[in-house]
Structure formats: C-alpha cells, structure tokens
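*Asks:* Can you read through this structure? Questions will come right after.
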Amino acid sequence: MNTHSPHPTLLVIAHGSRDPRHAATVSALCARIRALRPGLRVEVGYLDFNAPRVPRVLERLSAEGIREVVALPLLLTRAFHAKSDIPAVLREAAARLPLLTVRQAEVLGPSPLLTGALERRLAEAGLRPGDRRSTGVVLASAGSSDPEASAVIAEIAREWRRTAGWCAVRPAFASASLPRTADAVRELRAEGVRRVAVAPYVIAPGFLPDRIVAGAREARADLLAPVLGDAPELARLVLRRYERCVLAGARGEAPALTA
C-alpha cells in the first residue's frame with residue numbers, strides 16, 4: 001500500500017509542449033483536482049518537451065516509499081499515445097521499480113462531463129442559451145491518424161447535436177484527418193446556418209490548438225471558445241477515471257503494468 005496515504009497517488013500524464021501555456025494549463029487543472037480532493041496526492045509527468053518526465057516522477061515516488069500509482073493519460077481520445085506510447089513508458093519504469101504498483105486509467109473521453117465543459121467555454125465566449133437552435137458548432141479536435149479516435153469525435157458530434165439542441169455539430173481536425181476547422185465553418189455557412197461557433201476539443205494551448213484558432217479566424221466564425229483547460233467538469237472527470245481505476249484494481253480487473 002501507499003505508505004503516505006490510504007489512496008494510490010494520481011499521476012497525471014500530459015503530452016508536453018514547447019509552448020509554455022501547455023504546462024501552465026496542466027498545472028492549473030491539477031491544482032483544481034487537488035482542491036476537489038485535498039487528501040489525494042496528485043503528481044504530473046510529461047511524455048516530451050517538459051519536465052519532469054514520467055519515468056523520473058515514478059522513480060521519485062518509489063524512492064519516497066509510495067507503493068501504488070494510478071497513471072492517468074490526460075487525453076480525450078484513445079489513440080496512439082494511450083494505446084502504445086504511455087503503456088510502453090509505464091512498463092519500462094515498472095520493470096525497474098519492482099516495489100511500485102502502477103495501473104493505467106482510461107482516457108478521459110468521451111463523457112457528458114466533457115460536453116458540459118465545452119458548453120461552459122462556449123457560454124464564456126458569449127453564446128446565450130437561446131442561441132442554440134440557430135447555432136452550428138464546429139467540434140474541433142487536434143486530430144489523429146487512428147481511425148478509432150476520429151470515429152469517436154464524429155460520434156460525439158452526432159450525440160451532442162441530438163442531446164443539446166444545436167442547429168448542427170460538425171467535427172473538424174487540426175491534423176491527420178479532414179475537414180479542417182475553416183472548412184467546417186464554411187460548410188455550415190454554405191448550408192445557411194446563421195451563427196457558427198468553434199469549440200476546441202483540446203485541453204491545453206499549443207501548436208495544434210493554435211491551428212484551430214487560426215482556422216476559426218480565417219473562416220470568420222462568430223464565436224471561438226477557449227480550450228477546456230481547468231474547467232471544473234474536466235477536474236471532476238479526472239477524479240472519476242481515477243476512482244474507477246482504483247476500484248477495478250481492488251477487484252483485480254485492472255492489473256498492474258509489468259515488463
């Protein structure tokens with residue numbers, strides 16, 4: 001067991017970016033998570049660009065006597081990083097740290113809490129509740145070469161339109177897949193949609209989110225929401241995924257990662 005707490009330590013795994021706004025946003029989100037669960041130890045590790053890297057965090061935790069860690073990918077879809085990258089990093093670390101039990105939690109999306117966070121950000125950008133039926137939304141994600149991830153974004157768009165009452169919801173991608181944000185905005189305009197809002201389905205600013213912003217401005221979208229960032233819904237979702245992984249581990253349904 002964790003010698004410092006009755007709860008496994010939560011290790012939030014972020015991709016990392018050269019853009020300093022990325023790490024600042026991840027830090028703000030983790031601060032909100034800690035505020036929601038004061039007794040839970042929350043650490044951050046990065047795959048690239050930023051420090052500390054995931055293996056170094058795990059080494060430090062093991063040296064401090066921590067015995068259980070839930071590693072939670074700060075990802076909205078289950079693509080390459082969640083399927084391959086992160087498990088490989090965790091398995092390699094687990095092989096060197098035999099006293100540390102590491103379990104990988106599920107990615108964050110899809111979830112109604114995420115669409116709730118998107119709606120929060122759209123409201124902050126100026127969208128009023130009465131505008132929904134005359135507004136088309138571009139659900140703009142970073143994009144992935146994994147067809148499963150792209151299909152999930154398209155399904156989220158369909159379900160969000162069905163449940164939230166938007167005039168239309170279209171998926172768009174900053175990389176790997178089509179359409180791009182600007183093209184999706186123009187398509188909605190061509191179909192006669194009166195108001196077009198762009199909702200970035202990304203957690204933190206960076207290179208690909210900046211492409212979303214540029215596309216929205218190029219096509220003159222009426223509204224551009226901020227990134228999800230430290231939205232309260234996102235913090236609650238992280239804790240929900242953490243708790244699910246802890247419960248699954250107690251039941252033997254989430255085995256520890258091993259070499």
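To be explicit about the labels: the chains of the structure tokens are called A, B, and onward in the order shown, and within each one the residues are counted from 1, while ligands get numbers from 1 in the order they are shown.
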Which polymer residues have any atom within 9 Å of an atom of range 242-251 of chain A, counting only C-alpha atoms, with same-chain residues fewer than 4 positions away left out, as a list in words?
*Replies:*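 Returned residues: His7, Pro8, Leu10, Val70, Ala71, Leu72, Arg103, Gln104, Ala105, Glu106, Leu237, Val238, Pro255 and Ala256 of chain A.
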*Asks:* Hey, can you spit out that residue selection with N, CA and C atoms as a PDB file, in the first residue's frame?
*Replies:*
ATOM      1  N   HIS A   7      -4.744   6.233  -0.128  1.00  0.00           N
ATOM      2  CA  HIS A   7      -5.149   6.258  -1.531  1.00  0.00           C
ATOM      3  C   HIS A   7      -3.931   6.184  -2.442  1.00  0.00           C
ATOM      4  N   PRO A   8      -4.034   5.453  -3.560  1.00  0.00           N
ATOM      5  CA  PRO A   8      -2.939   5.478  -4.535  1.00  0.00           C
ATOM      6  C   PRO A   8      -2.685   6.901  -5.027  1.00  0.00           C
ATOM      7  N   LEU A  10      -2.133   9.759  -7.639  1.00  0.00           N
ATOM      8  CA  LEU A  10      -2.586  10.027  -9.003  1.00  0.00           C
ATOM      9  C   LEU A  10      -1.457  10.692  -9.773  1.00  0.00           C
ATOM     10  N   VAL A  70      -1.814   5.397  -9.756  1.00  0.00           N
ATOM     11  CA  VAL A  70      -2.731   5.361 -10.900  1.00  0.00           C
ATOM     12  C   VAL A  70      -2.236   6.386 -11.902  1.00  0.00           C
ATOM     13  N   ALA A  71      -1.825   5.919 -13.072  1.00  0.00           N
ATOM     14  CA  ALA A  71      -1.320   6.788 -14.140  1.00  0.00           C
ATOM     15  C   ALA A  71      -2.472   7.107 -15.086  1.00  0.00           C
ATOM     16  N   LEU A  72      -2.823   8.376 -15.165  1.00  0.00           N
ATOM     17  CA  LEU A  72      -3.992   8.778 -15.938  1.00  0.00           C
ATOM     18  C   LEU A  72      -3.582   9.635 -17.133  1.00  0.00           C
ATOM     19  N   ARG A 103      -0.935   1.293 -12.282  1.00  0.00           N
ATOM     20  CA  ARG A 103      -2.072   0.936 -13.128  1.00  0.00           C
ATOM     21  C   ARG A 103      -2.425   2.129 -14.006  1.00  0.00           C
ATOM     22  N   GLN A 104      -2.784   1.841 -15.253  1.00  0.00           N
ATOM     23  CA  GLN A 104      -3.136   2.913 -16.186  1.00  0.00           C
ATOM     24  C   GLN A 104      -4.639   3.089 -16.240  1.00  0.00           C
ATOM     25  N   ALA A 105      -5.116   4.298 -15.965  1.00  0.00           N
ATOM     26  CA  ALA A 105      -6.538   4.610 -16.039  1.00  0.00           C
ATOM     27  C   ALA A 105      -6.952   4.841 -17.491  1.00  0.00           C
ATOM     28  N   GLU A 106      -8.255   4.892 -17.700  1.00  0.00           N
ATOM     29  CA  GLU A 106      -8.802   5.142 -19.029  1.00  0.00           C
ATOM     30  C   GLU A 106      -8.568   6.599 -19.436  1.00  0.00           C
ATOM     31  N   LEU A 237     -13.965  14.862 -13.961  1.00  0.00           N
ATOM     32  CA  LEU A 237     -13.810  13.695 -14.815  1.00  0.00           C
ATOM     33  C   LEU A 237     -12.502  12.965 -14.533  1.00  0.00           C
ATOM     34  N   VAL A 238     -11.425  13.713 -14.322  1.00  0.00           N
ATOM     35  CA  VAL A 238     -10.148  13.085 -13.964  1.00  0.00           C
ATOM     36  C   VAL A 238     -10.323  12.235 -12.704  1.00  0.00           C
ATOM     37  N   PRO A 255      -5.070  -4.994 -13.881  1.00  0.00           N
ATOM     38  CA  PRO A 255      -3.787  -5.491 -13.401  1.00  0.00           C
ATOM     39  C   PRO A 255      -2.689  -4.443 -13.479  1.00  0.00           C
ATOM     40  N   ALA A 256      -1.713  -4.598 -12.602  1.00  0.00           N
ATOM     41  CA  ALA A 256      -0.573  -3.685 -12.620  1.00  0.00           C
ATOM     42  C   ALA A 256       0.210  -3.877 -13.914  1.00  0.00           C
TER      43      ALA A 256
END
*Asks:* Can you tell me, as a list in words, which residues in range 175-213 of chain A count as alpha helix (DSSP H) by DSSP?
*Replies:*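 Filtering range 175-213 of chain A to alpha helix (DSSP H) leaves Thr181, Ala182, Asp183, Ala184, Val185, Arg186, Glu187, Leu188, Arg189, Ala190, Phe207, Leu208, Pro209, Asp210, Arg211, Ile212 and Val213 of chain A.
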*Asks:* For the selection just defined, write its residues with N, CA and C atoms to a file, as a compact mmCIF listing (two decimals), in the first residue's frame.
*Replies:*
# COMPACT_ATOMS: atom_id res chain seq x y z
N THR A 181 -10.75 23.05 -39.54
CA THR A 181 -11.70 23.93 -38.86
C THR A 181 -12.32 24.95 -39.81
N ALA A 182 -11.49 25.63 -40.61
CA ALA A 182 -12.01 26.65 -41.51
C ALA A 182 -13.00 26.05 -42.51
N ASP A 183 -12.71 24.85 -43.02
CA ASP A 183 -13.61 24.22 -43.98
C ASP A 183 -14.95 23.86 -43.35
N ALA A 184 -14.92 23.38 -42.11
CA ALA A 184 -16.16 23.03 -41.43
C ALA A 184 -17.01 24.27 -41.18
N VAL A 185 -16.37 25.38 -40.82
CA VAL A 185 -17.11 26.64 -40.64
C VAL A 185 -17.77 27.05 -41.95
N ARG A 186 -17.00 26.98 -43.04
CA ARG A 186 -17.54 27.39 -44.35
C ARG A 186 -18.68 26.48 -44.79
N GLU A 187 -18.58 25.19 -44.51
CA GLU A 187 -19.65 24.25 -44.88
C GLU A 187 -20.95 24.61 -44.17
N LEU A 188 -20.86 24.94 -42.90
CA LEU A 188 -22.06 25.31 -42.16
C LEU A 188 -22.65 26.61 -42.71
N ARG A 189 -21.79 27.56 -43.05
CA ARG A 189 -22.27 28.82 -43.65
C ARG A 189 -23.01 28.53 -44.97
N ALA A 190 -22.40 27.64 -45.78
CA ALA A 190 -23.00 27.32 -47.08
C ALA A 190 -24.36 26.66 -46.94
N PHE A 207 0.64 24.00 -30.35
CA PHE A 207 0.75 24.13 -31.80
C PHE A 207 -0.56 23.78 -32.52
N LEU A 208 -1.12 22.59 -32.25
CA LEU A 208 -2.35 22.19 -32.94
C LEU A 208 -3.56 23.00 -32.49
N PRO A 209 -3.73 23.30 -31.21
CA PRO A 209 -4.82 24.21 -30.83
C PRO A 209 -4.72 25.57 -31.51
N ASP A 210 -3.50 26.06 -31.72
CA ASP A 210 -3.35 27.34 -32.42
C ASP A 210 -3.84 27.23 -33.86
N ARG A 211 -3.70 26.06 -34.46
CA ARG A 211 -4.26 25.85 -35.81
C ARG A 211 -5.77 25.98 -35.80
N ILE A 212 -6.39 25.46 -34.75
CA ILE A 212 -7.84 25.58 -34.62
C ILE A 212 -8.24 27.04 -34.54
N VAL A 213 -7.54 27.80 -33.72
CA VAL A 213 -7.81 29.23 -33.58
C VAL A 213 -7.65 29.94 -34.92
*Asks:* Please indicate the distance in Å from CA of Pro55 in chain A to CA of Ala79 in chain A, rounded to one decimal place.
*Replies:*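 Pair CA of Pro55 in chain A / CA of Ala79 in chain A returns 20.9 Å.
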*Asks:* Quick one, how far is CA of Ser134 in chain A from CA of Asp230 in chain A?
*Replies:*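 CA of Asp230 in chain A lies 28.4 Å from CA of Ser134 in chain A.
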*Asks:* Just the number, please: distance in Å from CA of Ser177 in chain A to CA of Ala140 in chain A, one decimal.
*Replies:* 11.1 Å
*Asks:* So that I can check the surroundings of Glu43 in chain A, please list as an MDAnalysis selection string every protein, DNA and RNA residue that reaches within 10 Å of it, counting only C-alpha atoms and ignoring chain neighbours fewer than 2 positions away.
*Replies:* chainID A and resid 9:13 27 30 34 40:41 45 52 54 57:58 61 69 71
*Asks:* Give me the residues within 9 Å of Arg91 in chain A as a list in words, counting only C-alpha atoms and dropping any in the same chain fewer than 5 places off.
*Replies:*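 Surrounding residues, per the criterion: Ile86, Arg96, Val102, Leu257, Thr258 and Ala259 of chain A.
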*Asks:* Output N, CA, C and O atoms for every residue in that selection, as a PDB file, in the first residue's frame.
*Replies:*
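The resulting file, selection-v2.pdb, is shown below:
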ATOM      1  N   ILE A  86       2.216   5.488 -23.910  1.00  0.00           N
ATOM      2  CA  ILE A  86       2.157   5.550 -22.453  1.00  0.00           C
ATOM      3  C   ILE A  86       2.325   4.177 -21.813  1.00  0.00           C
ATOM      4  O   ILE A  86       3.114   4.032 -20.859  1.00  0.00           O
ATOM      5  N   ARG A  96      11.821  -1.484 -13.667  1.00  0.00           N
ATOM      6  CA  ARG A  96      12.951  -1.002 -12.866  1.00  0.00           C
ATOM      7  C   ARG A  96      12.564  -0.704 -11.419  1.00  0.00           C
ATOM      8  O   ARG A  96      13.452  -0.476 -10.586  1.00  0.00           O
ATOM      9  N   VAL A 102       1.841   0.090 -10.599  1.00  0.00           N
ATOM     10  CA  VAL A 102       1.326   1.146 -11.480  1.00  0.00           C
ATOM     11  C   VAL A 102       0.182   0.588 -12.310  1.00  0.00           C
ATOM     12  O   VAL A 102       0.324  -0.457 -12.955  1.00  0.00           O
ATOM     13  N   LEU A 257       0.807  -2.778 -14.399  1.00  0.00           N
ATOM     14  CA  LEU A 257       1.633  -2.854 -15.595  1.00  0.00           C
ATOM     15  C   LEU A 257       2.967  -3.499 -15.226  1.00  0.00           C
ATOM     16  O   LEU A 257       3.612  -3.146 -14.230  1.00  0.00           O
ATOM     17  N   THR A 258       3.376  -4.471 -16.027  1.00  0.00           N
ATOM     18  CA  THR A 258       4.645  -5.165 -15.803  1.00  0.00           C
ATOM     19  C   THR A 258       5.406  -5.237 -17.106  1.00  0.00           C
ATOM     20  O   THR A 258       4.853  -5.034 -18.180  1.00  0.00           O
ATOM     21  N   ALA A 259       6.683  -5.534 -17.015  1.00  0.00           N
ATOM     22  CA  ALA A 259       7.526  -5.616 -18.213  1.00  0.00           C
ATOM     23  C   ALA A 259       7.120  -6.792 -19.098  1.00  0.00           C
ATOM     24  O   ALA A 259       6.608  -7.782 -18.604  1.00  0.00           O
TER      25      ALA A 259
END
*Asks:* Could you name the residues that touch Pro112 in chain A at 9 Å or less, counting only C-alpha atoms, but leaving out those on the same chain fewer than 4 positions away, as JSON, numbers by chain?
*Replies:* {"A": [116, 117, 160]}
*Asks:* Save out the residues we just selected, all heavy atoms, as a CSV table (one decimal), in the first residue's frame.
*Replies:*
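Saved file selection12.csv follows:
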chain,number,residue,atom,x,y,z
A,116,GLY,N,-20.2,19.1,-21.3
A,116,GLY,CA,-20.6,20.1,-20.3
A,116,GLY,C,-19.5,21.2,-20.2
A,116,GLY,O,-19.8,22.4,-20.2
A,117,ALA,N,-18.2,20.7,-20.3
A,117,ALA,CA,-17.1,21.7,-20.2
A,117,ALA,C,-17.1,22.5,-21.5
A,117,ALA,O,-16.8,23.7,-21.5
A,117,ALA,CB,-15.8,21.0,-20.0
A,160,TRP,N,-23.9,15.1,-29.4
A,160,TRP,CA,-24.0,16.4,-28.9
A,160,TRP,C,-25.1,17.2,-29.5
A,160,TRP,O,-25.9,17.9,-28.9
A,160,TRP,CB,-22.7,17.1,-29.0
A,160,TRP,CG,-22.6,18.3,-28.1
A,160,TRP,CD1,-23.3,18.6,-27.0
A,160,TRP,CD2,-21.6,19.4,-28.3
A,160,TRP,NE1,-22.9,19.8,-26.4
A,160,TRP,CE2,-21.9,20.3,-27.2
A,160,TRP,CE3,-20.6,19.7,-29.2
A,160,TRP,CZ2,-21.1,21.5,-27.1
A,160,TRP,CZ3,-19.9,20.8,-29.0
A,160,TRP,CH2,-20.1,21.7,-28.0
*Asks:* Find the residues around Gly130 in chain A up to 12 Å (only C-alpha atoms counted), leave out those fewer than 2 positions away in its own chain, and share them as a list in words.
*Replies:*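 So the residues in contact are Ala123, Gly126, Leu127, Arg128, Arg132, Arg133, Ser134, Thr135, Ala164, Gly165, Trp166 and Cys167 of chain A.
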*Asks:* Restricting it to N, CA, C and O atoms, dump the selection as a compact mmCIF listing (two decimals), in the first residue's frame.
*Replies:*
# COMPACT_ATOMS: atom_id res chain seq x y z
N ALA A 123 -20.30 29.36 -23.49
CA ALA A 123 -21.02 30.41 -22.76
C ALA A 123 -20.06 31.53 -22.37
O ALA A 123 -20.41 32.73 -22.45
N GLY A 126 -19.57 33.96 -25.03
CA GLY A 126 -20.68 34.85 -25.35
C GLY A 126 -21.93 34.19 -25.89
O GLY A 126 -22.91 34.88 -26.19
N LEU A 127 -21.94 32.87 -26.00
CA LEU A 127 -23.13 32.19 -26.52
C LEU A 127 -24.22 32.17 -25.44
O LEU A 127 -23.97 31.77 -24.31
N ARG A 128 -25.41 32.56 -25.81
CA ARG A 128 -26.53 32.58 -24.88
C ARG A 128 -27.38 31.32 -25.05
O ARG A 128 -27.43 30.76 -26.15
N ARG A 132 -29.00 28.45 -29.16
CA ARG A 132 -28.62 27.09 -29.57
C ARG A 132 -29.25 26.66 -30.90
O ARG A 132 -28.57 26.11 -31.76
N ARG A 133 -30.53 26.89 -31.04
CA ARG A 133 -31.21 26.35 -32.24
C ARG A 133 -30.81 27.04 -33.53
O ARG A 133 -31.04 26.51 -34.62
N SER A 134 -30.19 28.20 -33.41
CA SER A 134 -29.73 28.90 -34.63
C SER A 134 -28.20 28.84 -34.76
O SER A 134 -27.64 29.51 -35.63
N THR A 135 -27.55 28.02 -33.92
CA THR A 135 -26.09 27.95 -33.92
C THR A 135 -25.60 26.58 -34.37
O THR A 135 -26.06 25.55 -33.88
N ALA A 164 -28.26 18.28 -27.21
CA ALA A 164 -28.12 19.67 -26.76
C ALA A 164 -28.96 20.67 -27.56
O ALA A 164 -29.09 21.82 -27.17
N GLY A 165 -29.50 20.24 -28.70
CA GLY A 165 -30.38 21.13 -29.45
C GLY A 165 -29.69 22.11 -30.37
O GLY A 165 -30.29 23.10 -30.79
N TRP A 166 -28.41 21.84 -30.71
CA TRP A 166 -27.73 22.71 -31.67
C TRP A 166 -28.36 22.57 -33.05
O TRP A 166 -28.90 21.51 -33.39
N CYS A 167 -28.23 23.61 -33.85
CA CYS A 167 -28.67 23.54 -35.24
C CYS A 167 -27.89 22.45 -35.99
O CYS A 167 -28.45 21.71 -36.80
*Asks:* May I ask which of the residues A:Ala235, A:Leu139, A:Ala23, A:Leu47 is the closest one to Pro87 in chain A, counting only C-alpha atoms?
*Replies:*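 Using only C-alpha atoms, Pro87 in chain A sits closest to A:Leu47.
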